[in-house]
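Below: the structure, in structure tokens.
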Amino acid sequence: MSSQETVDVIRRNLQSVHSNIAAACAVSGRSPDDVTLVAVTKYAQWPWVEALATQYQVFGENRPQQLSERAPKLPSVEWHLIGQLQRNKVRQALEHAHTIHSVDSLRLLERISKVAADLNQHPNVLLQVNVSGEESKSGFRPDELLAEWDQISVCCENVRIAGLMTMAPASDDPEAARPTFRGLRQLREQLRNTSGGAQIRGELNHLSMGMSGDFSVAVQEGATLVRIGSRLFDGLVDSESR
Ligand SMILES: *Cc1c(COP(=O)(O)O)cnc(C)c1O
């Protein structure tokens with residue numbers, strides 16, 4: 001596949017994702033301007049990433065290592081870290097990420113704040129919540145976040161808690177994800193209504209939820225950030241499998 005063909009395939013995929021987002025906004029009375037696509041490049045080959053960057057500039061990677069390899073090559077892109085972060089990779093992540101979606105414990109949040117202070121940064125973070133309660137998923141439990149919110153919302157001077165993130169259980173049926181997404185939105189309302197909310201650093205403006213299979217439902221339920229990977233690279237041929 002020529003690089004022009006790659007650009008064309010990605011352009012069509014981007015248009016189709018954006019029109020699906022617009023349609024989901026229309027049914028829920030939202031503005032498409034309030035939804036940002038985070039184009040997930042974790043499985044994309046480098047030429048695809050470069051082709052995407054000619055058309056769109058908000059990307060998400062799930063591993064700090066790959067983020068730190070790729071971000072310096074495309075400095076005009078706003079890079080998000082969406083995958084699990086070990087405490088010893090925080091510095092690497094902060095050097096490259098505009099937003100970290102996957103803060104799944106108070107210990108990690110405290111570590112990020114400390115390293116951010118060293119780097120003189122005020123990074124945006126999202127707290128990952130295990131809304132569905134699956135054993136396999138990391139994240140704060142909703143009841144734990146509510147109970148500790150007064151403490152969490154003011155604990156970490158150098159971070160902005162910009163919102164919440166969740167992942168729905170794997171399913172072929174997008175509707176199966178709806179209770180998880182709705183649960184995250186309702187949790188945000190509850191957090192905003194607790195006393196600590198008054199002093200929170202950041203305003204919980206963002207809900208990061210929805211992937212290739214279920215983002216329309218997520219947008220209907222209030223997602224402001226949708227993390228979409230495979231749909232954007234549909235129809236491209238993996239050079240290693242040819
Ligand atoms: C891979 C990944 C996505 C994107 O998944 P697709 O199904 O390829 O759209 C979104 N969020 C996280 C946390 C991921 O790891």
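In the structure tokens, chains take letters A, B, ... by order of appearance, with residues numbered from 1 within each chain and ligands from 1 in the order shown.
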Excluding Ser212 (chain A) and residues on its chain fewer than 6 positions from it, collect all residues at most 9 Å away from it, counting only C-alpha atoms, and give them as a list in words.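 In the requested form, the answer reads Val17, Val226, Arg227, Ile228, Gly229, Ser230, Arg231 and Leu232 of chain A.
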Take the residues from that selection and put them in a file with all heavy atoms, as a short mmCIF file (atom, residue, chain, number, x, y, z; two decimals), in the first residue's frame.
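Contents of again-v3.cif, freshly written:
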```
data_model
loop_
_atom_site.label_atom_id
_atom_site.label_comp_id
_atom_site.auth_asym_id
_atom_site.auth_seq_id
_atom_site.Cartn_x
_atom_site.Cartn_y
_atom_site.Cartn_z
N VAL A 17 -15.64 8.10 11.72
CA VAL A 17 -15.69 8.21 13.19
C VAL A 17 -16.28 9.55 13.60
O VAL A 17 -17.17 9.62 14.47
CB VAL A 17 -14.28 8.01 13.81
CG1 VAL A 17 -14.24 8.49 15.25
CG2 VAL A 17 -13.87 6.54 13.72
N VAL A 226 -13.16 10.25 23.70
CA VAL A 226 -13.35 8.86 23.28
C VAL A 226 -12.02 8.34 22.76
O VAL A 226 -11.30 9.03 22.04
CB VAL A 226 -14.45 8.72 22.20
CG1 VAL A 226 -15.83 8.93 22.82
CG2 VAL A 226 -14.25 9.67 21.04
N ARG A 227 -11.67 7.14 23.18
CA ARG A 227 -10.34 6.57 22.87
C ARG A 227 -10.53 5.50 21.80
O ARG A 227 -10.97 4.40 22.10
CB ARG A 227 -9.72 5.97 24.13
CG ARG A 227 -9.72 6.90 25.35
CD ARG A 227 -9.15 6.20 26.57
NE ARG A 227 -9.77 4.91 26.81
CZ ARG A 227 -10.83 4.71 27.60
NH1 ARG A 227 -11.37 5.71 28.26
NH2 ARG A 227 -11.33 3.50 27.74
N ILE A 228 -10.19 5.85 20.57
CA ILE A 228 -10.50 4.96 19.45
C ILE A 228 -9.24 4.58 18.69
O ILE A 228 -8.50 5.45 18.23
CB ILE A 228 -11.52 5.65 18.52
CG1 ILE A 228 -12.81 5.94 19.31
CG2 ILE A 228 -11.79 4.79 17.29
CD1 ILE A 228 -13.85 6.68 18.51
N GLY A 229 -9.00 3.28 18.59
CA GLY A 229 -7.83 2.78 17.88
C GLY A 229 -8.19 2.04 16.61
O GLY A 229 -8.09 2.57 15.50
N SER A 230 -8.65 0.81 16.75
CA SER A 230 -8.78 -0.07 15.59
C SER A 230 -9.64 0.50 14.46
O SER A 230 -9.31 0.33 13.29
CB SER A 230 -9.26 -1.46 16.02
OG SER A 230 -10.28 -1.35 16.97
N ARG A 231 -10.70 1.20 14.79
CA ARG A 231 -11.57 1.76 13.74
C ARG A 231 -10.81 2.71 12.81
O ARG A 231 -11.15 2.85 11.63
CB ARG A 231 -12.71 2.55 14.38
CG ARG A 231 -14.03 1.83 14.51
CD ARG A 231 -14.76 1.60 13.21
NE ARG A 231 -15.25 2.81 12.55
CZ ARG A 231 -16.40 3.42 12.83
NH1 ARG A 231 -17.19 2.95 13.76
NH2 ARG A 231 -16.77 4.51 12.17
N LEU A 232 -9.81 3.39 13.33
CA LEU A 232 -9.09 4.37 12.51
C LEU A 232 -8.15 3.72 11.52
O LEU A 232 -7.77 4.32 10.52
CB LEU A 232 -8.29 5.32 13.41
CG LEU A 232 -9.10 6.20 14.35
CD1 LEU A 232 -8.18 6.98 15.26
CD2 LEU A 232 -9.98 7.15 13.53
#
```
Who sits within 12 Å of Ala23 (chain A), only C-alpha atoms, same chain under 6 positions skipped, as a PyMOL selection string: chain A and resi 16-17+29-32+35+215-217+219-220
How about saving the chosen residues, C-alpha atoms kept, as an mmCIF file, in the first residue's frame?
```
data_model
loop_
_atom_site.group_PDB
_atom_site.id
_atom_site.type_symbol
_atom_site.label_atom_id
_atom_site.label_comp_id
_atom_site.auth_asym_id
_atom_site.auth_seq_id
_atom_site.Cartn_x
_atom_site.Cartn_y
_atom_site.Cartn_z
ATOM 1 C CA SER A 16 -16.624 8.074 9.494
ATOM 2 C CA VAL A 17 -15.691 8.206 13.192
ATOM 3 C CA GLY A 29 -28.582 16.985 22.343
ATOM 4 C CA ARG A 30 -24.858 17.579 22.718
ATOM 5 C CA SER A 31 -22.411 19.606 20.672
ATOM 6 C CA PRO A 32 -19.738 17.682 18.773
ATOM 7 C CA VAL A 35 -16.246 15.519 22.331
ATOM 8 C CA PHE A 215 -18.051 4.988 21.515
ATOM 9 C CA SER A 216 -21.467 6.017 20.159
ATOM 10 C CA VAL A 217 -23.103 4.807 23.361
ATOM 11 C CA VAL A 219 -21.027 9.847 23.643
ATOM 12 C CA GLN A 220 -24.758 9.498 24.296
#
```
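Each of A:Glu134, A:Asp34, A:Glu110, A:Glu189 was compared to Gln151 (chain A) using only C-alpha atoms, and A:Glu110 turns out to be the nearest.
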For Gln84 (chain A), which residue among A:Gly210, A:Thr224, A:Lys137, A:Lys114 is the nearest when counting only C-alpha atoms? A:Lys137
To check your reading of the model: which residues sit at most 10 Å from ligand 1 when counting only C-alpha atoms and all ligand atoms? Write the answer as a ChimeraX atom specification. /A:38-44,60-63,81-84,101-102,128,165-168,170,208-215,226-234
List every residue of region 102-202 of chain A that has an atom at most 8 Å from any atom of region 88-93 of chain A, giving for each one its closest atom pair and the distance in Å to one decimal, counting only C-alpha atoms, sorted by chain and then by ascending residue number, as JSON lines.
```
{"residue": "A:Arg111", "atom": "CA", "partner": "A:Val90", "partner_atom": "CA", "distance": 7.5}
{"residue": "A:Ile112", "atom": "CA", "partner": "A:Val90", "partner_atom": "CA", "distance": 6.2}
{"residue": "A:Val115", "atom": "CA", "partner": "A:Arg91", "partner_atom": "CA", "distance": 6.3}
{"residue": "A:Ala116", "atom": "CA", "partner": "A:Arg91", "partner_atom": "CA", "distance": 8.0}
```
For the residues in that selection, give me all heavy atoms as a PDB file, in the first residue's frame.
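Dumped everything to out-v2.pdb:
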```pdb
ATOM      1  N   ARG A 111       2.369  10.038  43.761  1.00  0.00           N
ATOM      2  CA  ARG A 111       3.662   9.941  43.076  1.00  0.00           C
ATOM      3  C   ARG A 111       3.723  10.927  41.898  1.00  0.00           C
ATOM      4  O   ARG A 111       4.717  11.625  41.700  1.00  0.00           O
ATOM      5  CB  ARG A 111       3.839   8.498  42.587  1.00  0.00           C
ATOM      6  CG  ARG A 111       5.017   8.255  41.715  1.00  0.00           C
ATOM      7  CD  ARG A 111       6.276   8.111  42.541  1.00  0.00           C
ATOM      8  NE  ARG A 111       7.435   8.054  41.666  1.00  0.00           N
ATOM      9  CZ  ARG A 111       8.663   8.374  42.030  1.00  0.00           C
ATOM     10  NH1 ARG A 111       8.908   8.758  43.270  1.00  0.00           N
ATOM     11  NH2 ARG A 111       9.652   8.312  41.181  1.00  0.00           N
ATOM     12  N   ILE A 112       2.641  10.987  41.130  1.00  0.00           N
ATOM     13  CA  ILE A 112       2.598  11.896  39.983  1.00  0.00           C
ATOM     14  C   ILE A 112       2.747  13.336  40.459  1.00  0.00           C
ATOM     15  O   ILE A 112       3.490  14.128  39.880  1.00  0.00           O
ATOM     16  CB  ILE A 112       1.278  11.711  39.186  1.00  0.00           C
ATOM     17  CG1 ILE A 112       1.277  10.351  38.492  1.00  0.00           C
ATOM     18  CG2 ILE A 112       1.101  12.829  38.163  1.00  0.00           C
ATOM     19  CD1 ILE A 112      -0.057   9.981  37.845  1.00  0.00           C
ATOM     20  N   VAL A 115       6.471  13.968  41.426  1.00  0.00           N
ATOM     21  CA  VAL A 115       7.363  14.082  40.266  1.00  0.00           C
ATOM     22  C   VAL A 115       7.032  15.349  39.475  1.00  0.00           C
ATOM     23  O   VAL A 115       7.932  16.048  38.987  1.00  0.00           O
ATOM     24  CB  VAL A 115       7.266  12.824  39.369  1.00  0.00           C
ATOM     25  CG1 VAL A 115       8.105  12.993  38.112  1.00  0.00           C
ATOM     26  CG2 VAL A 115       7.692  11.580  40.142  1.00  0.00           C
ATOM     27  N   ALA A 116       5.754  15.664  39.390  1.00  0.00           N
ATOM     28  CA  ALA A 116       5.351  16.885  38.679  1.00  0.00           C
ATOM     29  C   ALA A 116       5.942  18.121  39.360  1.00  0.00           C
ATOM     30  O   ALA A 116       6.371  19.064  38.686  1.00  0.00           O
ATOM     31  CB  ALA A 116       3.828  16.988  38.606  1.00  0.00           C
TER      32      ALA A 116
END
```
For Ser76 (chain A), which residue out of A:Val9, A:Val58, A:Leu191, A:Val154 is the nearest one, using only C-alpha atoms? A:Val58
Nearest candidate to Phe59 (chain A) (options A:Val131, A:Ala22, A:Leu187, A:Ala97; using only C-alpha atoms):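 Nearest to Phe59 (chain A): A:Ala97.
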